[in-house]
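To be precise, the following lines are start-v7.csv, and they hold CSV, C-alpha atoms and all ligand atoms.
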chain,number,residue,atom,x,y,z
A,1,MET,CA,85.9,131.2,113.3
A,2,ASN,CA,86.1,130.7,117.1
A,3,PHE,CA,89.3,131.9,118.8
A,4,SER,CA,89.9,128.4,120.4
A,5,GLU,CA,89.6,126.7,117.0
A,6,ILE,CA,92.0,129.2,115.4
A,7,ILE,CA,94.6,128.9,118.2
A,8,ASN,CA,94.4,125.1,118.6
A,9,GLU,CA,93.6,123.7,115.2
A,10,LEU,CA,93.8,126.1,112.2
A,11,GLY,CA,96.7,125.5,109.9
A,12,GLU,CA,97.8,122.3,111.7
A,13,ASP,CA,98.1,119.1,109.9
A,14,ARG,CA,98.9,116.6,112.6
A,15,GLU,CA,98.4,113.4,110.4
A,16,ASN,CA,101.5,114.7,108.5
A,17,TYR,CA,103.8,114.7,111.5
A,18,PHE,CA,103.2,111.7,113.6
A,19,ARG,CA,100.0,113.2,115.2
A,20,ALA,CA,102.3,115.5,117.3
A,21,VAL,CA,100.3,118.1,119.2
A,22,ALA,CA,103.0,120.7,118.8
A,23,PRO,CA,104.0,121.3,115.2
A,24,PRO,CA,107.5,120.6,114.0
A,25,ILE,CA,110.1,123.3,113.4
A,26,VAL,CA,110.9,122.9,109.8
A,27,GLN,CA,114.4,124.4,110.2
A,28,THR,CA,115.5,124.4,106.5
A,29,SER,CA,116.5,127.1,104.1
A,30,ASN,CA,115.9,125.0,101.0
A,31,PHE,CA,113.3,122.6,99.5
A,32,ALA,CA,114.3,120.1,96.9
A,33,PHE,CA,112.4,119.2,93.7
A,34,LYS,CA,112.1,116.0,91.6
A,35,LYS,CA,110.8,117.7,88.5
A,36,VAL,CA,112.1,120.7,86.5
A,37,ASP,CA,108.5,121.9,85.8
A,38,ASP,CA,107.7,121.9,89.6
A,39,MET,CA,110.8,124.0,90.2
A,40,MET,CA,110.0,126.3,87.4
A,41,ASN,CA,106.5,126.9,88.8
A,42,ALA,CA,107.9,127.6,92.3
A,43,LEU,CA,110.5,130.0,90.9
A,44,SER,CA,107.9,131.9,89.0
A,45,ASP,CA,105.7,132.4,92.1
A,46,GLU,CA,107.5,132.0,95.4
A,47,GLY,CA,104.3,132.3,97.3
A,48,SER,CA,102.8,129.3,95.7
A,49,SER,CA,105.0,126.5,96.9
A,50,TYR,CA,108.0,125.8,99.1
A,51,LEU,CA,111.3,126.8,97.4
A,52,TYR,CA,113.4,128.8,99.9
A,53,SER,CA,112.6,129.9,103.4
A,54,ARG,CA,113.0,133.6,102.8
A,55,GLY,CA,109.7,133.2,101.0
A,56,ILE,CA,107.4,130.6,102.6
A,57,ASN,CA,108.1,127.9,105.2
A,58,PRO,CA,105.7,125.2,106.7
A,59,THR,CA,106.2,126.3,110.3
A,60,VAL,CA,105.7,129.9,109.5
A,61,ASP,CA,102.6,129.0,107.4
A,62,ILE,CA,100.9,127.6,110.4
A,63,LEU,CA,101.4,130.8,112.4
A,64,ARG,CA,100.5,132.9,109.3
A,65,LYS,CA,97.1,131.2,109.0
A,66,LYS,CA,96.3,131.6,112.6
A,67,LEU,CA,97.3,135.3,112.8
A,68,ALA,CA,95.3,136.2,109.6
A,69,ALA,CA,92.2,134.5,111.0
A,70,LEU,CA,92.6,136.2,114.4
A,71,ASP,CA,92.6,139.5,112.5
A,72,GLU,CA,89.6,138.4,110.3
A,73,ALA,CA,91.9,139.2,107.3
A,74,GLU,CA,92.3,137.2,104.1
A,75,ASP,CA,96.0,136.9,104.6
A,76,CYS,CA,99.0,138.2,106.6
A,77,LEU,CA,102.8,138.2,106.6
A,78,VAL,CA,104.9,137.5,109.7
A,79,PHE,CA,108.1,139.5,110.0
A,80,ASN,CA,111.1,139.3,112.2
A,81,SER,CA,109.9,142.3,114.2
A,82,GLY,CA,107.1,144.7,114.4
A,83,ALA,CA,109.4,147.4,113.1
A,84,ALA,CA,110.0,145.3,109.9
A,85,ALA,CA,106.3,144.9,109.4
A,86,ILE,CA,105.8,148.7,109.6
A,87,PHE,CA,108.7,149.3,107.2
A,88,ALA,CA,107.3,146.9,104.6
A,89,GLY,CA,103.7,148.1,105.0
A,90,ILE,CA,104.6,151.7,104.4
A,91,LEU,CA,107.3,151.2,101.7
A,92,ALA,CA,105.0,149.0,99.6
A,93,ASN,CA,102.4,151.8,99.4
A,94,VAL,CA,104.3,155.1,98.8
A,95,LYS,CA,106.3,156.4,95.9
A,96,ALA,CA,108.5,159.5,95.4
A,97,GLY,CA,106.5,162.7,95.8
A,98,ASP,CA,103.8,161.2,97.9
A,99,HIS,CA,102.4,162.6,101.2
A,100,ILE,CA,101.5,160.8,104.3
A,101,VAL,CA,99.2,161.8,107.2
A,102,SER,CA,100.2,160.2,110.5
A,103,VAL,CA,99.0,160.4,114.1
A,104,LYS,CA,101.4,162.5,116.1
A,105,ALA,CA,104.0,160.7,118.2
A,106,PRO,CA,103.6,157.3,116.5
A,107,TYR,CA,105.8,154.3,117.6
A,108,THR,CA,109.5,155.4,117.5
A,109,TRP,CA,110.6,153.4,114.4
A,110,ALA,CA,107.5,154.5,112.4
A,111,GLN,CA,108.4,158.1,113.2
A,112,ARG,CA,112.0,157.5,112.3
A,113,MET,CA,110.9,156.2,108.9
A,114,PHE,CA,108.8,159.3,108.3
A,115,ASP,CA,111.4,161.7,109.5
A,116,VAL,CA,114.7,160.2,108.3
A,117,ILE,CA,114.2,157.6,105.6
A,118,LEU,CA,111.3,158.7,103.5
A,119,PRO,CA,112.3,162.3,103.0
A,120,ARG,CA,115.3,161.0,101.1
A,121,PHE,CA,112.7,159.8,98.5
A,122,GLN,CA,110.7,163.1,98.6
A,123,VAL,CA,107.9,161.5,100.6
A,124,THR,CA,106.7,164.0,103.3
A,125,THR,CA,104.6,163.4,106.4
A,126,SER,CA,102.2,165.6,108.3
A,127,TYR,CA,101.5,164.8,112.0
A,128,ILE,CA,98.1,165.4,113.4
A,129,GLU,CA,96.0,164.9,116.6
A,130,GLY,CA,94.2,161.9,115.2
A,131,GLY,CA,91.1,161.9,117.4
A,132,SER,CA,89.3,164.5,115.2
A,133,LEU,CA,88.1,163.5,111.7
A,134,ASP,CA,88.4,167.2,110.6
A,135,ASN,CA,92.2,167.0,111.3
A,136,TRP,CA,92.5,164.1,108.8
A,137,LYS,CA,90.4,165.9,106.2
A,138,ALA,CA,92.3,169.2,106.7
A,139,ALA,CA,95.8,167.5,106.5
A,140,THR,CA,94.9,165.5,103.3
A,141,LYS,CA,96.5,166.9,100.2
A,142,GLU,CA,96.3,166.2,96.5
A,143,ASN,CA,99.3,163.8,96.7
A,144,THR,CA,98.3,162.1,100.0
A,145,SER,CA,98.5,158.4,99.5
A,146,PHE,CA,98.8,157.0,103.0
A,147,TYR,CA,97.2,157.3,106.4
A,148,TYR,CA,99.1,156.0,109.5
A,149,LEU,CA,97.1,155.3,112.6
A,150,GLU,CA,98.1,153.9,116.0
A,151,SER,CA,95.1,153.3,118.2
A,152,PRO,CA,95.7,153.5,121.1
A,153,ASN,CA,99.1,155.1,121.2
A,154,SER,CA,101.3,153.2,123.6
A,155,TRP,CA,102.2,156.1,125.9
A,156,ASP,CA,99.2,158.4,126.2
A,157,PHE,CA,96.7,155.9,124.6
A,158,ALA,CA,95.3,158.6,122.2
A,159,ILE,CA,92.8,156.8,120.0
A,160,GLN,CA,91.3,157.5,116.6
A,161,PRO,CA,87.7,156.9,115.3
A,162,ILE,CA,88.9,154.0,113.1
A,163,GLU,CA,85.8,153.3,111.0
A,164,GLU,CA,85.3,156.9,110.1
A,165,ILE,CA,88.9,157.5,109.1
A,166,ALA,CA,88.9,154.3,107.0
A,167,ALA,CA,85.7,155.5,105.2
A,168,ILE,CA,87.3,158.8,104.3
A,169,ALA,CA,90.4,157.1,103.0
A,170,LYS,CA,88.4,154.6,100.9
A,171,GLN,CA,86.6,157.5,99.2
A,172,LYS,CA,89.9,159.2,98.3
A,173,GLY,CA,91.8,156.0,97.4
A,174,ILE,CA,94.2,156.4,100.3
A,175,VAL,CA,95.8,153.3,101.9
A,176,THR,CA,95.4,153.0,105.6
A,177,LEU,CA,97.7,151.2,108.1
A,178,ILE,CA,97.1,150.9,111.8
A,179,ASP,CA,99.4,149.8,114.6
A,180,ASN,CA,97.1,147.6,116.7
A,181,SER,CA,99.8,146.4,119.1
A,182,TYR,CA,98.1,147.7,122.2
A,183,CYS,CA,94.8,145.8,121.7
A,184,THR,CA,95.8,142.6,119.9
A,185,PRO,CA,93.0,141.1,117.7
A,186,LEU,CA,91.3,139.9,120.9
A,187,TYR,CA,90.3,143.5,121.8
A,188,GLN,CA,90.1,145.2,118.4
A,189,ARG,CA,90.0,144.0,114.8
A,190,PRO,CA,90.7,146.9,112.4
A,191,ILE,CA,90.3,144.9,109.2
A,192,PRO,CA,86.5,144.5,109.5
A,193,MET,CA,86.4,148.2,110.4
A,194,GLY,CA,87.7,149.0,106.9
A,195,ILE,CA,91.4,149.4,107.5
A,196,ASP,CA,93.7,148.1,104.7
A,197,LEU,CA,96.6,146.9,106.8
A,198,SER,CA,96.5,146.0,110.4
A,199,MET,CA,100.0,145.7,112.0
A,200,GLN,CA,100.9,144.4,115.4
A,201,THR,CA,104.1,143.5,117.1
A,202,ALA,CA,104.1,139.8,118.0
A,203,THR,CA,107.0,140.5,120.4
A,204,LYS,CA,104.6,141.8,123.0
A,205,TYR,CA,101.4,139.8,123.9
A,206,ILE,CA,101.6,137.1,121.2
A,207,GLY,CA,105.1,135.9,122.2
A,208,GLY,CA,104.2,136.7,125.8
A,209,HIS,CA,107.4,135.6,127.4
A,210,SER,CA,110.0,138.3,126.5
A,211,ASP,CA,112.0,135.8,124.5
A,212,VAL,CA,111.2,136.4,120.8
A,213,LEU,CA,110.6,139.2,118.4
A,214,GLY,CA,108.0,139.2,115.6
A,215,GLY,CA,105.6,141.4,113.7
A,216,VAL,CA,102.4,140.9,111.8
A,217,LEU,CA,100.9,142.7,108.8
A,218,SER,CA,97.3,141.6,107.8
A,219,GLY,CA,95.2,142.7,104.9
A,220,SER,CA,93.5,141.5,101.7
A,221,SER,CA,95.1,138.7,99.6
A,222,ALA,CA,96.0,141.2,96.9
A,223,MET,CA,97.6,143.6,99.2
A,224,ILE,CA,99.6,140.9,101.0
A,225,LYS,CA,100.7,139.3,97.7
A,226,LYS,CA,101.9,142.7,96.5
A,227,ILE,CA,104.0,143.1,99.7
A,228,PHE,CA,105.2,139.5,99.7
A,229,ASP,CA,106.4,139.7,96.1
A,230,SER,CA,108.5,142.8,96.6
A,231,GLU,CA,109.3,144.1,100.1
A,232,TYR,CA,109.0,140.8,102.0
A,233,LEU,CA,111.2,138.8,99.7
A,234,ASN,CA,113.5,141.7,98.9
A,235,ILE,CA,114.3,142.9,102.4
A,236,GLY,CA,114.4,139.3,103.7
A,237,SER,CA,112.8,140.3,107.0
A,238,GLY,CA,110.5,137.3,107.3
A,239,ILE,CA,110.3,135.4,110.6
A,240,GLN,CA,112.6,132.4,111.1
A,241,PRO,CA,111.0,129.0,111.7
A,242,PHE,CA,112.1,128.6,115.3
A,243,ASN,CA,110.8,132.1,116.2
A,244,ALA,CA,107.5,131.3,114.4
A,245,TRP,CA,107.3,128.1,116.5
A,246,LEU,CA,107.7,130.2,119.7
A,247,LEU,CA,104.9,132.5,118.6
A,248,ILE,CA,102.6,129.5,117.9
A,249,ARG,CA,103.4,128.4,121.5
A,250,GLY,CA,102.7,131.9,122.8
A,251,LEU,CA,99.3,132.0,120.9
A,252,ARG,CA,98.1,128.9,122.8
A,253,THR,CA,97.9,130.8,126.0
A,254,LEU,CA,97.1,134.3,124.6
A,255,PRO,CA,93.5,134.5,125.7
A,256,ALA,CA,94.2,133.2,129.2
A,257,ARG,CA,97.1,135.7,129.7
A,258,ILE,CA,95.1,138.6,128.4
A,259,GLU,CA,92.2,137.7,130.7
A,260,ARG,CA,94.5,137.6,133.7
A,261,ILE,CA,96.3,140.8,132.8
A,262,THR,CA,93.0,142.6,132.3
A,263,ARG,CA,91.9,141.7,135.8
A,264,SER,CA,95.2,142.5,137.4
A,265,THR,CA,95.5,145.8,135.6
A,266,ALA,CA,92.1,146.9,136.9
A,267,GLU,CA,93.3,146.2,140.4
A,268,VAL,CA,96.6,148.0,140.0
A,269,VAL,CA,95.0,151.0,138.3
A,270,ALA,CA,92.4,151.2,141.2
A,271,PHE,CA,95.2,151.2,143.8
A,272,MET,CA,97.2,153.8,141.9
A,273,LYS,CA,94.2,156.1,141.4
A,274,GLN,CA,93.5,156.4,145.1
A,275,HIS,CA,97.2,156.9,146.1
A,276,PRO,CA,97.9,160.4,147.3
A,277,GLN,CA,101.3,160.4,145.6
A,278,VAL,CA,99.8,159.7,142.1
A,279,ASP,CA,98.7,162.7,140.1
A,280,THR,CA,97.4,162.1,136.5
A,281,LEU,CA,96.6,158.5,135.5
A,282,LEU,CA,95.9,157.5,131.9
A,283,PHE,CA,94.1,154.2,131.1
A,284,PRO,CA,91.7,153.9,128.1
A,285,HIS,CA,89.0,152.1,130.0
A,286,ASP,CA,89.1,154.4,133.0
A,287,PRO,CA,86.0,156.6,133.1
A,288,GLY,CA,88.3,159.7,133.6
A,289,PHE,CA,90.2,159.0,130.3
A,290,PRO,CA,89.7,161.9,127.9
A,291,GLN,CA,88.4,159.6,125.1
A,292,TYR,CA,86.7,157.1,127.3
A,293,GLU,CA,83.4,156.9,125.3
A,294,LEU,CA,85.3,156.1,122.0
A,295,ALA,CA,87.6,153.7,123.8
A,296,LYS,CA,84.6,151.8,125.2
A,297,LYS,CA,82.8,151.8,121.8
A,298,GLN,CA,85.9,150.6,119.8
A,299,MET,CA,87.9,148.4,122.1
A,300,LYS,CA,86.5,145.3,123.7
A,301,GLY,CA,89.0,145.6,126.4
A,302,ALA,CA,92.0,147.4,127.7
A,303,CYS,CA,94.8,146.0,129.7
A,304,GLY,CA,98.5,145.9,130.6
A,305,LEU,CA,99.6,149.4,130.0
A,306,PHE,CA,98.8,152.6,131.9
A,307,THR,CA,100.7,155.8,132.4
A,308,PHE,CA,100.8,158.0,135.4
A,309,SER,CA,102.7,161.0,136.9
A,310,LEU,CA,103.7,161.7,140.5
A,311,LYS,CA,102.4,164.5,142.7
A,312,ASN,CA,106.0,165.2,143.8
A,313,LYS,CA,107.1,166.8,140.6
A,314,GLY,CA,110.6,166.7,139.2
A,315,ARG,CA,113.0,164.3,137.7
A,316,GLN,CA,114.5,163.4,141.1
A,317,SER,CA,111.1,161.9,142.3
A,318,ILE,CA,110.8,159.9,139.1
A,319,VAL,CA,114.3,158.5,139.5
A,320,LYS,CA,113.7,157.7,143.2
A,321,PHE,CA,110.4,155.9,142.5
A,322,CYS,CA,111.8,153.8,139.6
A,323,GLU,CA,114.9,152.9,141.4
A,324,SER,CA,113.0,152.0,144.6
A,325,LEU,CA,111.0,149.2,143.0
A,326,LYS,CA,112.2,145.8,144.1
A,327,HIS,CA,110.2,143.5,141.8
A,328,VAL,CA,108.8,145.5,139.0
A,329,LEU,CA,111.6,145.8,136.4
A,330,MET,CA,112.7,148.9,134.6
A,331,ALA,CA,112.8,148.1,130.8
A,332,VAL,CA,111.4,148.9,127.4
A,333,SER,CA,108.8,146.7,125.7
A,334,TRP,CA,105.8,145.0,127.4
A,335,GLY,CA,103.5,142.0,126.9
A,336,GLY,CA,105.7,139.5,128.7
A,337,HIS,CA,105.2,137.7,132.0
A,338,GLU,CA,107.1,140.3,134.0
A,339,SER,CA,105.8,143.7,135.1
A,340,LEU,CA,107.7,146.7,133.9
A,341,VAL,CA,108.1,150.5,134.3
A,342,ILE,CA,109.6,153.0,131.9
A,343,PRO,CA,110.0,156.7,132.8
A,344,LYS,CA,109.6,159.0,129.8
A,345,CYS,CA,112.6,161.0,131.1
A,346,ALA,CA,114.9,158.0,130.3
A,347,GLY,CA,114.3,158.8,126.6
A,348,MET,CA,115.9,162.3,126.9
A,349,LYS,CA,119.0,164.0,128.3
A,350,ALA,CA,118.5,165.2,131.9
A,351,SER,CA,119.2,168.8,130.7
A,352,ASP,CA,116.2,168.5,128.3
A,353,PHE,CA,113.8,167.6,131.1
A,354,ASP,CA,111.2,170.3,131.2
A,355,ASP,CA,109.2,170.6,134.5
A,356,SER,CA,106.4,172.4,132.7
A,357,ASN,CA,105.9,169.6,130.1
A,358,GLU,CA,103.4,167.2,131.6
A,359,SER,CA,104.5,164.3,129.3
A,360,HIS,CA,108.1,164.5,130.6
A,361,HIS,CA,106.7,163.4,134.0
A,362,TYR,CA,105.1,160.3,132.5
A,363,ILE,CA,105.9,156.8,133.9
A,364,ARG,CA,104.4,154.0,132.0
A,365,MET,CA,103.7,150.7,133.7
A,366,TYR,CA,103.0,147.3,132.2
A,367,VAL,CA,101.2,144.8,134.4
A,368,GLY,CA,102.4,141.3,133.8
A,369,LEU,CA,101.3,137.9,135.1
A,370,GLU,CA,102.3,138.3,138.8
A,371,GLU,CA,99.8,138.4,141.7
A,372,PRO,CA,98.3,141.9,141.8
A,373,GLU,CA,99.0,142.2,145.6
A,374,TYR,CA,102.7,141.5,145.0
A,375,LEU,CA,102.8,144.3,142.5
A,376,ILE,CA,100.7,146.7,144.6
A,377,ASN,CA,103.0,146.1,147.6
A,378,ASP,CA,106.0,146.9,145.5
A,379,LEU,CA,104.5,150.1,144.1
A,380,ASN,CA,103.3,151.1,147.6
A,381,GLN,CA,106.8,150.9,149.1
A,382,ALA,CA,108.3,152.8,146.1
A,383,LEU,CA,105.7,155.5,146.4
A,384,ALA,CA,106.3,155.7,150.2
A,385,SER,CA,110.0,156.4,149.5
A,386,LEU,CA,108.9,159.8,148.1
A,387,ASP,CA,107.3,161.0,151.4
B,1,LIG,C1,107.1,147.3,120.3
B,1,LIG,C2,106.2,148.1,119.4
B,1,LIG,C3,106.4,148.0,118.0
B,1,LIG,C4,107.6,147.4,117.3
B,1,LIG,O1,107.6,146.1,117.5
B,1,LIG,P1,109.0,145.3,117.6
B,1,LIG,O2,108.6,143.9,117.5
B,1,LIG,O3,109.7,145.6,118.8
B,1,LIG,O4,109.8,145.7,116.4
B,1,LIG,C5,105.5,148.7,117.3
B,1,LIG,N1,104.5,149.4,117.8
B,1,LIG,C6,104.3,149.5,119.1
B,1,LIG,C7,103.2,150.3,119.7
B,1,LIG,C8,105.2,148.8,120.0
B,1,LIG,O5,105.0,148.9,121.3
Rewrite the structure of this file - the entire thing - as structure tokens.
Ligand SMILES: *Cc1c(COP(=O)(O)O)cnc(C)c1O
Amino acid sequence: MNFSEIINELGEDRENYFRAVAPPIVQTSNFAFKKVDDMMNALSDEGSSYLYSRGINPTVDILRKKLAALDEAEDCLVFNSGAAAIFAGILANVKAGDHIVSVKAPYTWAQRMFDVILPRFQVTTSYIEGGSLDNWKAATKENTSFYYLESPNSWDFAIQPIEEIAAIAKQKGIVTLIDNSYCTPLYQRPIPMGIDLSMQTATKYIGGHSDVLGGVLSGSSAMIKKIFDSEYLNIGSGIQPFNAWLLIRGLRTLPARIERITRSTAEVVAFMKQHPQVDTLLFPHDPGFPQYELAKKQMKGACGLFTFSLKNKGRQSIVKFCESLKHVLMAVSWGGHESLVIPKCAGMKASDFDDSNESHHYIRMYVGLEEPEYLINDLNQALASLD
């Protein structure tokens, strides 16, 4: 189905609500029944009809249909955050004694789950450089039941050959989950590439205005039903109707925003690359990117995030640069209207900063919806402060 049709029409039933263009927010916890048998059926399968909004809700359903279609998946679930989607997707597919293979340095809260929560249940994780198929094969053990991918990574944009990894996993009966937050389904659709569960945070590009959290987990009907019936209902981490409505609103302009951000990012990256104060610059669709060929093959586009380091080494320069910016904000997250920077060194104690560790020098920038010149001027004056 065409993106425009998915975004503007799929799941909407305007004749049922006064032909309103924007759908209603069905802000209810409960749904009432006239017949005992209808209530009995709803109670026996919460996914089949409206009973209680921890399960299904009409506003959330509209969003759910759209997001599944964008992912080319049979179905999806929408959670209250991306972290909740990751949690449910993993928990539903491992049991005590299992082993997981994960890309190294995955998203913070995925890593926290592997390192802190799952070991309590005797589930162990091996981290690998995920770009090489041999690493996946070598790390796979008898009890490996789960592969965790994040392509690209949201700091250094390391990518994995998705189709090839999915094929290996299928052969061995291993479940695959990918964090597709960087690309969104507009630039990469892992489900048709053979991945079992495609996760994205909706907090970033889908919401698009830094005012709502959400997360998506897409997959086959059977896989999604399994997660709905246990983790989704049991943890109660489904998205609330008002937040679902905000995400439907965000989706309406997603392609336009992504197109704009793609163009602006190219301009900002070009400016940064030629600046004498900028040392390394990492951006997946830059010809100098280490995995450029694979990035071009796998991802229809790249935008928003890039990472760089300064020629003037040391924590002092990073602090000076970040604090000299007048318009670009310093904050976590990305995908909203506003441009952001985050220095890697903000995630560690000053005494742990290691000058010889290249990644400690990283500054990640997110390019939002502002005029590129406005951003470039701001970056230029902050870089000049280092001379
Ligand atoms: C933000 C983010 C998440 C988590 O999403 P939340 O909605 O913040 O819970 C997961 N993966 C990546 C790559 C992210 O950037």
- Given 7 Å and all atoms listed in the file, residues near ligand LIG 1 (chain B) as a PyMOL selection string: chain A and resi 81-84+107+153-154+179+181-182+200-204+213-215+333
- Message: With only C-alpha atoms as the counted atoms, please give the residues lying no more than 12 Å from Lys225 of chain A, apart from itself and same-chain residues fewer than 3 positions off, as a ChimeraX atom specification.
- Response: /A:45-48,55,74-77,89,92,217-222,228-233
Selected residues written out, C-alpha atoms, as a short mmCIF file (atom, residue, chain, number, x, y, z; two decimals), in the coordinates of the input:
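Result saved to result-v2.cif:
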data_model
loop_
_atom_site.label_atom_id
_atom_site.label_comp_id
_atom_site.auth_asym_id
_atom_site.auth_seq_id
_atom_site.Cartn_x
_atom_site.Cartn_y
_atom_site.Cartn_z
CA ASP A 45 105.70 132.40 92.10
CA GLU A 46 107.50 132.00 95.40
CA GLY A 47 104.30 132.30 97.30
CA SER A 48 102.80 129.30 95.70
CA GLY A 55 109.70 133.20 101.00
CA GLU A 74 92.30 137.20 104.10
CA ASP A 75 96.00 136.90 104.60
CA CYS A 76 99.00 138.20 106.60
CA LEU A 77 102.80 138.20 106.60
CA GLY A 89 103.70 148.10 105.00
CA ALA A 92 105.00 149.00 99.60
CA LEU A 217 100.90 142.70 108.80
CA SER A 218 97.30 141.60 107.80
CA GLY A 219 95.20 142.70 104.90
CA SER A 220 93.50 141.50 101.70
CA SER A 221 95.10 138.70 99.60
CA ALA A 222 96.00 141.20 96.90
CA PHE A 228 105.20 139.50 99.70
CA ASP A 229 106.40 139.70 96.10
CA SER A 230 108.50 142.80 96.60
CA GLU A 231 109.30 144.10 100.10
CA TYR A 232 109.00 140.80 102.00
CA LEU A 233 111.20 138.80 99.70
#
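Each of A:Val212, A:Leu305, A:Leu294, A:Ala244 was checked against Pro58 of chain A using all atoms listed in the file; the smallest atom-to-atom distance is that of A:Ala244.
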- Message: As an exercise, work out the distance from atom CA of Val367 of chain A to atom CA of Ile7 of chain A in Å and give it to one decimal place.
- Response: 23.6 Å
- Item | Nearest-residue call for Leu186 of chain A, choices A:Ser4, A:Gln381, A:Ser44, A:Asn357, using all atoms listed in the file | A:Ser4
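Separating atom CA of Ile90 of chain A from atom CA of Cys303 of chain A is a distance of 27.7 Å.
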